[in-house]
>>> print(open('data-v7.txt').read())   # compact mmCIF, C-alpha atoms and all ligand atoms
# COMPACT_ATOMS: atom_id res chain seq x y z
CA MET A 1 69.73 60.62 53.37
CA ILE A 2 69.22 62.52 50.15
CA VAL A 3 66.73 65.31 50.75
CA THR A 4 64.43 66.12 47.87
CA ARG A 5 61.48 68.39 47.26
CA PRO A 6 58.65 68.14 44.74
CA ARG A 7 59.45 69.71 41.41
CA ASP A 8 57.13 72.47 40.23
CA TRP A 9 54.14 70.57 38.80
CA ALA A 10 53.90 72.83 35.74
CA LEU A 11 57.49 71.89 34.93
CA VAL A 12 56.76 68.18 35.36
CA ARG A 13 53.78 68.52 33.02
CA ALA A 14 55.94 70.39 30.49
CA GLN A 15 58.56 67.61 30.68
CA LEU A 16 55.89 65.00 29.98
CA ALA A 17 54.46 67.10 27.16
CA ASP A 18 57.94 67.35 25.60
CA LEU A 19 58.02 63.56 25.64
CA HIS A 20 54.53 63.43 24.07
CA ALA A 21 53.63 61.20 27.00
CA LYS A 22 49.97 60.30 27.06
CA ARG A 23 50.60 57.19 29.16
CA VAL A 24 52.93 57.36 32.15
CA PHE A 25 54.36 54.87 34.63
CA ILE A 26 55.27 56.36 38.03
CA MET A 27 58.12 55.12 40.22
CA GLY A 28 58.76 56.19 43.79
CA CYS A 29 61.51 55.26 46.23
CA GLY A 30 61.10 53.23 49.40
CA GLN A 31 63.99 54.95 51.17
CA CYS A 32 64.90 58.64 51.28
CA ALA A 33 62.00 59.93 49.20
CA THR A 34 59.58 57.99 51.42
CA VAL A 35 61.07 59.51 54.57
CA THR A 36 61.04 63.02 53.10
CA GLU A 37 57.44 62.39 51.96
CA THR A 38 58.25 63.32 48.39
CA GLY A 39 58.26 59.91 46.68
CA GLY A 40 56.53 57.41 48.95
CA GLU A 41 53.19 55.73 48.32
CA LYS A 42 51.11 58.76 49.33
CA GLU A 43 52.98 61.05 46.95
CA VAL A 44 53.03 58.53 44.10
CA LEU A 45 49.26 58.07 44.41
CA ALA A 46 48.77 61.84 44.58
CA ALA A 47 50.80 62.28 41.37
CA LYS A 48 48.77 59.48 39.77
CA ALA A 49 45.47 61.13 40.72
CA ARG A 50 46.67 64.50 39.48
CA LEU A 51 47.84 63.15 36.14
CA GLU A 52 44.60 61.24 35.65
CA GLN A 53 42.58 64.35 36.48
CA GLU A 54 44.57 66.15 33.81
CA GLY A 55 43.82 63.50 31.20
CA VAL A 56 47.07 61.52 31.34
CA GLU A 57 46.71 57.75 31.62
CA VAL A 58 48.79 56.18 34.37
CA THR A 59 49.64 52.64 33.27
CA GLY A 60 50.92 51.66 36.70
CA TRP A 61 53.18 52.58 39.57
CA SER A 62 55.72 51.01 41.83
CA ILE A 63 57.90 51.82 44.78
CA GLY A 64 61.04 49.73 44.87
CA GLU A 65 63.00 49.23 48.05
CA VAL A 66 65.55 51.83 46.99
CA ALA A 67 65.44 53.65 43.66
CA CYS A 68 69.21 54.14 43.37
CA HIS A 69 69.91 50.40 43.34
CA ALA A 70 70.23 49.13 39.77
CA SER A 71 69.29 45.50 40.45
CA GLY A 72 66.31 46.57 42.53
CA GLN A 73 65.05 48.92 39.83
CA ARG A 74 65.60 46.25 37.17
CA LEU A 75 63.45 43.93 39.27
CA GLU A 76 60.71 46.58 39.55
CA VAL A 77 60.71 47.00 35.77
CA ARG A 78 60.42 43.24 35.33
CA LYS A 79 57.63 42.96 37.91
CA HIS A 80 55.64 45.63 36.10
CA PHE A 81 56.70 44.72 32.59
CA GLY A 82 53.30 45.11 30.94
CA GLU A 83 52.56 48.45 32.61
CA PHE A 84 56.04 49.67 31.74
CA SER A 85 55.79 48.55 28.14
CA SER A 86 52.56 50.39 27.55
CA ALA A 87 53.85 53.68 28.99
CA ASP A 88 55.29 56.46 26.85
CA ALA A 89 57.43 57.74 29.72
CA VAL A 90 58.40 57.09 33.33
CA LEU A 91 57.96 59.75 36.00
CA VAL A 92 60.38 59.11 38.88
CA LEU A 93 59.74 60.51 42.34
CA ALA A 94 63.24 59.94 43.71
CA CYS A 95 66.55 61.77 43.94
CA GLY A 96 68.74 62.37 40.89
CA ALA A 97 70.56 59.08 41.49
CA GLY A 98 67.24 57.24 41.55
CA VAL A 99 66.15 58.91 38.32
CA GLN A 100 69.42 57.99 36.60
CA THR A 101 69.35 54.43 37.90
CA THR A 102 65.84 54.06 36.50
CA ALA A 103 66.93 55.55 33.18
CA ASP A 104 69.75 52.98 33.05
CA VAL A 105 67.41 50.01 33.39
CA THR A 106 64.71 50.93 30.90
CA ASP A 107 64.63 52.10 27.32
CA LYS A 108 61.66 54.35 28.12
CA PRO A 109 62.22 58.08 28.47
CA VAL A 110 62.57 58.91 32.16
CA THR A 111 61.78 62.27 33.72
CA PRO A 112 62.25 63.60 37.27
CA GLY A 113 59.40 64.58 39.55
CA LEU A 114 61.62 65.87 42.36
CA ASP A 115 64.57 68.17 42.83
CA SER A 116 67.49 66.83 44.87
CA LEU A 117 68.73 69.25 47.49
CA PHE A 118 71.35 67.78 49.79
CA LEU A 119 72.69 64.91 51.85
CA GLY A 120 71.35 65.48 55.31
CA THR A 121 69.85 64.42 58.57
CA VAL A 122 66.24 64.18 59.69
CA VAL A 123 66.40 66.56 62.65
CA ARG A 124 62.76 65.87 63.47
CA HIS A 125 59.73 64.94 61.44
CA GLY A 126 59.68 67.13 58.33
CA VAL A 127 62.85 69.05 59.24
CA PHE A 128 66.07 68.24 57.40
CA GLU A 129 69.54 69.73 57.61
CA GLU A 130 72.48 69.30 55.26
CA ARG A 131 75.29 67.45 56.99
CA CYS A 132 77.80 66.27 54.39
CA GLN A 133 79.12 67.45 51.03
CA MET A 134 80.98 64.20 50.48
CA CYS A 135 84.33 65.92 50.26
CA GLY A 136 86.24 62.63 50.12
CA GLU A 137 88.46 63.58 53.07
CA CYS A 138 86.44 63.51 56.28
CA VAL A 139 87.55 65.66 59.22
CA LEU A 140 84.85 64.63 61.71
CA ASP A 141 87.44 62.87 63.88
CA ARG A 142 88.92 66.29 64.61
CA THR A 143 85.71 68.26 64.85
CA ALA A 144 83.66 66.34 67.40
CA GLY A 145 81.43 64.91 64.71
CA ILE A 146 80.32 68.30 63.37
CA CYS A 147 81.11 69.00 59.72
CA PRO A 148 82.58 72.48 59.23
CA VAL A 149 82.77 72.02 55.46
CA THR A 150 79.00 71.76 55.24
CA THR A 151 77.59 73.52 58.27
CA CYS A 152 79.83 76.62 58.39
CA PRO A 153 78.44 78.91 55.66
CA LYS A 154 82.02 79.84 54.76
CA GLY A 155 83.23 76.24 54.88
CA LEU A 156 86.03 77.25 57.25
CA LEU A 157 87.92 74.32 58.70
CA ASN A 158 89.71 76.02 61.56
CA GLY A 159 87.36 78.91 62.37
CA PRO A 160 85.68 80.75 63.87
CA CYS A 161 85.84 83.67 61.48
CA GLY A 162 86.11 87.28 62.59
CA GLY A 163 82.37 87.75 62.18
CA MET A 164 81.37 85.40 64.98
CA TRP A 165 79.67 87.37 67.75
CA ASN A 166 78.67 86.12 71.18
CA GLY A 167 78.97 82.58 69.88
CA MET A 168 76.53 83.19 67.03
CA CYS A 169 77.17 82.85 63.29
CA GLU A 170 77.49 86.10 61.36
CA VAL A 171 75.85 84.61 58.27
CA LEU A 172 73.08 82.50 59.81
CA ARG A 173 72.32 84.80 62.70
CA ASP A 174 69.88 82.49 64.43
CA ARG A 175 72.46 79.73 64.66
CA GLU A 176 75.37 79.15 66.92
CA CYS A 177 78.75 79.40 65.16
CA VAL A 178 79.74 75.91 64.10
CA HIS A 179 83.23 76.37 65.47
CA VAL A 180 81.86 77.38 68.84
CA ARG A 181 79.74 74.23 68.83
CA ILE A 182 82.79 72.17 67.90
CA ARG A 183 84.79 73.63 70.76
CA GLU A 184 81.93 73.18 73.22
CA ARG A 185 81.43 69.56 72.27
CA LEU A 186 85.15 68.81 72.38
CA ALA A 187 85.36 70.41 75.82
CA ALA A 188 82.33 68.43 77.05
CA GLN A 189 84.18 65.29 75.99
CA GLY A 190 87.35 66.42 77.76
CA ARG A 191 89.10 67.04 74.46
CA ALA A 192 90.91 70.10 73.19
CA VAL A 193 91.13 71.58 69.73
CA SER A 194 94.23 70.19 68.09
CA ALA A 195 97.19 72.59 68.05
CA VAL A 196 97.82 71.50 64.47
CA PRO A 197 95.33 73.20 62.15
CA LEU A 198 93.52 71.16 59.57
CA PRO A 199 95.21 71.52 56.18
CA PRO A 200 93.31 73.07 53.26
CA LYS A 201 90.92 70.64 51.60
CA ASP A 202 92.43 68.57 48.84
CA HIS A 203 89.72 68.99 46.24
CA SER A 204 91.31 66.32 44.04
CA LYS A 205 89.83 63.85 46.57
CA LYS A 206 86.42 64.78 45.26
CA LEU A 207 86.85 63.77 41.66
CA LYS A 208 83.82 63.77 39.45
CA PRO A 209 82.32 61.50 38.48
CA GLY A 210 82.77 59.48 41.67
CA SER A 211 83.33 55.80 41.07
CA ILE A 212 84.46 53.02 43.36
CA ASP A 213 84.49 49.25 43.23
CA MET A 214 84.57 47.78 46.74
CA ARG A 215 84.55 44.15 45.66
CA ALA A 216 87.38 41.93 46.86
CA GLY A 217 90.57 42.34 44.89
CA ARG A 218 89.21 45.34 43.06
CA LYS A 219 89.43 48.04 45.70
CA LYS A 220 91.06 50.73 43.62
CA SER A 221 89.07 53.89 43.36
CA ARG A 222 89.40 57.23 41.68
CA HIS A 223 89.31 58.69 45.18
CA GLY A 224 92.61 57.19 46.18
CA GLY A 225 91.12 54.38 48.31
CA ALA A 226 93.30 51.38 49.09
S1 LIG B 1 84.27 66.54 56.33
FE1 LIG B 1 83.70 65.96 54.24
S2 LIG B 1 83.13 63.78 54.33
FE2 LIG B 1 83.19 64.56 56.44
S3 LIG B 1 81.06 65.13 56.88
FE3 LIG B 1 82.10 66.98 56.11
S4 LIG B 1 81.77 67.02 53.90
FE4 LIG B 1 81.23 64.98 54.64
S1 LIG B 2 80.52 82.69 62.42
FE1 LIG B 2 81.26 80.58 62.55
S2 LIG B 2 79.79 79.31 61.40
FE2 LIG B 2 79.41 81.46 60.86
S3 LIG B 2 80.61 81.79 59.02
FE3 LIG B 2 81.91 82.41 60.73
S4 LIG B 2 83.09 80.58 61.27
FE4 LIG B 2 81.39 79.92 59.95
>>> encode(input="data-v7.txt", output="structure tokens", more="lines below")
Ligand code: SF4
Ligand code: SF4
Amino acid sequence: MIVTRPRDWALVRAQLADLHAKRVFIMGCGQCATVTETGGEKEVLAAKARLEQEGVEVTGWSIGEVACHASGQRLEVRKHFGEFSSADAVLVLACGAGVQTTADVTDKPVTPGLDSLFLGTVVRHGVFEERCQMCGECVLDRTAGICPVTTCPKGLLNGPCGGMWNGMCEVLRDRECVHVRIRERLAAQGRAVSAVPLPPKDHSKKLKPGSIDMRAGRKKSRHGGA
């Protein structure tokens, strides 16, 4: 999931002031931002109450199933057409993709209420860890399902580095070295580290902007997919 955190409220208010927004529509996200408790119903209603307290009219609010889905967001705009039309701006409590998707489906100025941090895992309630940098060339098959690109602070593929001490990471001293964890998990599964080191990452696999069309007969992608 995309992990987000609330943007500094003073900044959000400055963004709305820049847009001369006296009437605001608020959109949340029913997926990641709901799980991270940054853009679900509770947070949308809290933002609504705060804006109203501060003299801003909230024309309405909605939480679509997933804010980064263009058709879904289009549907939300249609469902709330009147409330949308009367707003000067739209405050989106979703990740950057959700904000951009919303901006694509409305002619209203759209402004973010969250900051997007990383693609990660819910380790337990309220605790999230980054797990993937979407490098376009996954090595998890070789690393027992542990991503060295993301979870080793140095991004080493074939570590451990010389700073590892007693199995612990030299950068994040309270954590086990990722490469020790990889070796331990491989061993527990009766597997060995491959004698052939992983090659350096091919950064051309992570072209920006990413774009892919998975529909039948149109499977070509900028990422070299079939
Ligand atoms: S190797 Fe690349 S694609 Fe695979 S989990 Fe790590 S960053 Fe993500
Ligand atoms: S000790 Fe291990 S996890 Fe930490 S930086 Fe070195 S190789 Fe990466």
>>> residues_near_ligand(input="data-v7.txt", ligand="ligand LIG 1 (chain B)", cutoff="8 Å", atoms="all atoms listed in the file", output="PyMOL selection string")
chain A and resi 131-140+145-150
>>> closest_atom_pairs(input="data-v7.txt", of="chain A", to="ligand LIG 2 (chain B)", cutoff="8 Å", atoms="all atoms listed in the file", output="CSV")
residue,atom,partner,partner_atom,distance
A:Pro148,CA,B:LIG2,FE4,7.6
A:Thr151,CA,B:LIG2,S2,6.9
A:Cys152,CA,B:LIG2,FE4,4.0
A:Pro153,CA,B:LIG2,S3,4.9
A:Lys154,CA,B:LIG2,S3,4.9
A:Gly155,CA,B:LIG2,FE4,6.5
A:Leu156,CA,B:LIG2,S4,6.0
A:Gly159,CA,B:LIG2,S4,4.7
A:Pro160,CA,B:LIG2,S4,3.7
A:Cys161,CA,B:LIG2,S4,4.1
A:Gly162,CA,B:LIG2,FE3,6.7
A:Gly163,CA,B:LIG2,S1,5.4
A:Met164,CA,B:LIG2,S1,3.8
A:Trp165,CA,B:LIG2,S1,7.1
A:Gly167,CA,B:LIG2,S1,7.6
A:Met168,CA,B:LIG2,S1,6.1
A:Cys169,CA,B:LIG2,S1,3.5
A:Glu170,CA,B:LIG2,S1,4.7
A:Val171,CA,B:LIG2,FE2,5.4
A:Leu172,CA,B:LIG2,FE2,6.5
A:Glu176,CA,B:LIG2,S2,7.1
A:Cys177,CA,B:LIG2,FE1,3.8
A:Val178,CA,B:LIG2,S2,4.3
A:His179,CA,B:LIG2,FE1,5.5
A:Val180,CA,B:LIG2,FE1,7.1
>>> residues_around(input="data-v7.txt", residues="Cys68 (chain A)", least_positions_apart="4", cutoff="8 Å", atoms="all atoms listed in the file", output="list of chain:residue names")
A:Gln73, A:Ala97, A:Gly98, A:Val99, A:Gln100, A:Thr101, A:Thr102
>>> closest_residue(input="data-v7.txt", among="A:Ala87, A:Val66, A:Leu207, A:Cys32", to="Thr106 (chain A)", atoms="all atoms listed in the file")
A:Ala87
>>> residues_around(input="data-v7.txt", residues="Leu117 (chain A)", least_positions_apart="3", cutoff="10 Å", atoms="all atoms listed in the file", output="PyMOL selection string")
chain A and resi 2-5+95-96+114+120+130
>>> write_last_selection(input="data-v7.txt", atoms="C-alpha atoms", output="PDB file, in the coordinates of the input")
ATOM      1  CA  ILE A   2      69.220  62.520  50.150  1.00  0.00           C
ATOM      2  CA  VAL A   3      66.730  65.310  50.750  1.00  0.00           C
ATOM      3  CA  THR A   4      64.430  66.120  47.870  1.00  0.00           C
ATOM      4  CA  ARG A   5      61.480  68.390  47.260  1.00  0.00           C
ATOM      5  CA  CYS A  95      66.550  61.770  43.940  1.00  0.00           C
ATOM      6  CA  GLY A  96      68.740  62.370  40.890  1.00  0.00           C
ATOM      7  CA  LEU A 114      61.620  65.870  42.360  1.00  0.00           C
ATOM      8  CA  GLY A 120      71.350  65.480  55.310  1.00  0.00           C
ATOM      9  CA  GLU A 130      72.480  69.300  55.260  1.00  0.00           C
TER      10      GLU A 130
END
>>> atom_distance(input="data-v7.txt", atom1="CA of Ala192 (chain A)", atom2="CA of Asp174 (chain A)")
25.9 Å
>>> atom_distance(input="data-v7.txt", atom1="CA of Glu83 (chain A)", atom2="CA of Phe25 (chain A)")
7.0 Å
>>> closest_residue(input="data-v7.txt", among="A:Pro197, A:Gly64, A:Gly72, A:Pro6", to="Glu43 (chain A)", atoms="all atoms listed in the file")
A:Pro6
>>> build_atoms(input="data-v7.txt", residues="region 183-211 of chain A", atoms="N, CA and C atoms", output="compact mmCIF listing (two decimals), keeping the file's coordinate frame")
# COMPACT_ATOMS: atom_id res chain seq x y z
N ARG A 183 83.97 73.46 69.55
CA ARG A 183 84.79 73.63 70.76
C ARG A 183 84.02 73.21 72.01
N GLU A 184 82.74 73.56 72.05
CA GLU A 184 81.93 73.18 73.22
C GLU A 184 81.83 71.66 73.34
N ARG A 185 81.59 71.01 72.21
CA ARG A 185 81.43 69.56 72.27
C ARG A 185 82.76 68.87 72.62
N LEU A 186 83.84 69.38 72.04
CA LEU A 186 85.15 68.81 72.38
C LEU A 186 85.41 68.96 73.87
N ALA A 187 85.11 70.16 74.39
CA ALA A 187 85.36 70.41 75.82
C ALA A 187 84.50 69.49 76.68
N ALA A 188 83.23 69.30 76.28
CA ALA A 188 82.33 68.43 77.05
C ALA A 188 82.85 66.99 77.07
N GLN A 189 83.62 66.64 76.05
CA GLN A 189 84.18 65.29 75.99
C GLN A 189 85.60 65.25 76.57
N GLY A 190 86.02 66.37 77.18
CA GLY A 190 87.35 66.42 77.76
C GLY A 190 88.44 66.47 76.71
N ARG A 191 88.10 66.97 75.55
CA ARG A 191 89.10 67.04 74.46
C ARG A 191 89.39 68.51 74.15
N ALA A 192 90.54 68.73 73.56
CA ALA A 192 90.91 70.10 73.19
C ALA A 192 91.02 70.18 71.68
N VAL A 193 90.90 71.38 71.16
CA VAL A 193 91.13 71.58 69.73
C VAL A 193 92.60 71.28 69.46
N SER A 194 92.86 70.55 68.40
CA SER A 194 94.23 70.19 68.09
C SER A 194 95.06 71.45 67.82
N ALA A 195 96.30 71.44 68.29
CA ALA A 195 97.19 72.59 68.05
C ALA A 195 97.59 72.66 66.59
N VAL A 196 97.45 71.53 65.90
CA VAL A 196 97.82 71.50 64.47
C VAL A 196 96.57 71.78 63.64
N PRO A 197 96.54 72.91 62.92
CA PRO A 197 95.33 73.20 62.15
C PRO A 197 95.09 72.18 61.05
N LEU A 198 93.84 72.05 60.70
CA LEU A 198 93.52 71.16 59.57
C LEU A 198 94.08 71.78 58.30
N PRO A 199 94.67 70.97 57.43
CA PRO A 199 95.21 71.52 56.18
C PRO A 199 94.07 71.89 55.22
N PRO A 200 94.34 72.74 54.24
CA PRO A 200 93.31 73.07 53.26
C PRO A 200 92.77 71.80 52.61
N LYS A 201 91.51 71.83 52.23
CA LYS A 201 90.92 70.64 51.60
C LYS A 201 91.64 70.33 50.30
N ASP A 202 91.85 69.04 50.10
CA ASP A 202 92.43 68.57 48.84
C ASP A 202 91.27 68.23 47.91
N HIS A 203 90.92 69.18 47.06
CA HIS A 203 89.72 68.99 46.24
C HIS A 203 89.88 67.89 45.19
N SER A 204 91.13 67.44 44.99
CA SER A 204 91.31 66.32 44.04
C SER A 204 90.70 65.05 44.61
N LYS A 205 90.44 65.03 45.95
CA LYS A 205 89.83 63.85 46.57
C LYS A 205 88.36 63.73 46.18
N LYS A 206 87.83 64.81 45.64
CA LYS A 206 86.42 64.78 45.26
C LYS A 206 86.31 64.84 43.74
N LEU A 207 86.89 63.82 43.12
CA LEU A 207 86.85 63.77 41.66
C LEU A 207 85.44 63.48 41.17
N LYS A 208 85.11 64.07 40.06
CA LYS A 208 83.82 63.77 39.45
C LYS A 208 84.06 63.17 38.07
N PRO A 209 83.35 62.16 37.69
CA PRO A 209 82.32 61.50 38.48
C PRO A 209 82.92 60.53 39.48
N GLY A 210 82.32 60.44 40.67
CA GLY A 210 82.77 59.48 41.67
C GLY A 210 82.54 58.06 41.19
N SER A 211 83.47 57.20 41.50
CA SER A 211 83.33 55.80 41.07
C SER A 211 84.21 54.95 41.97
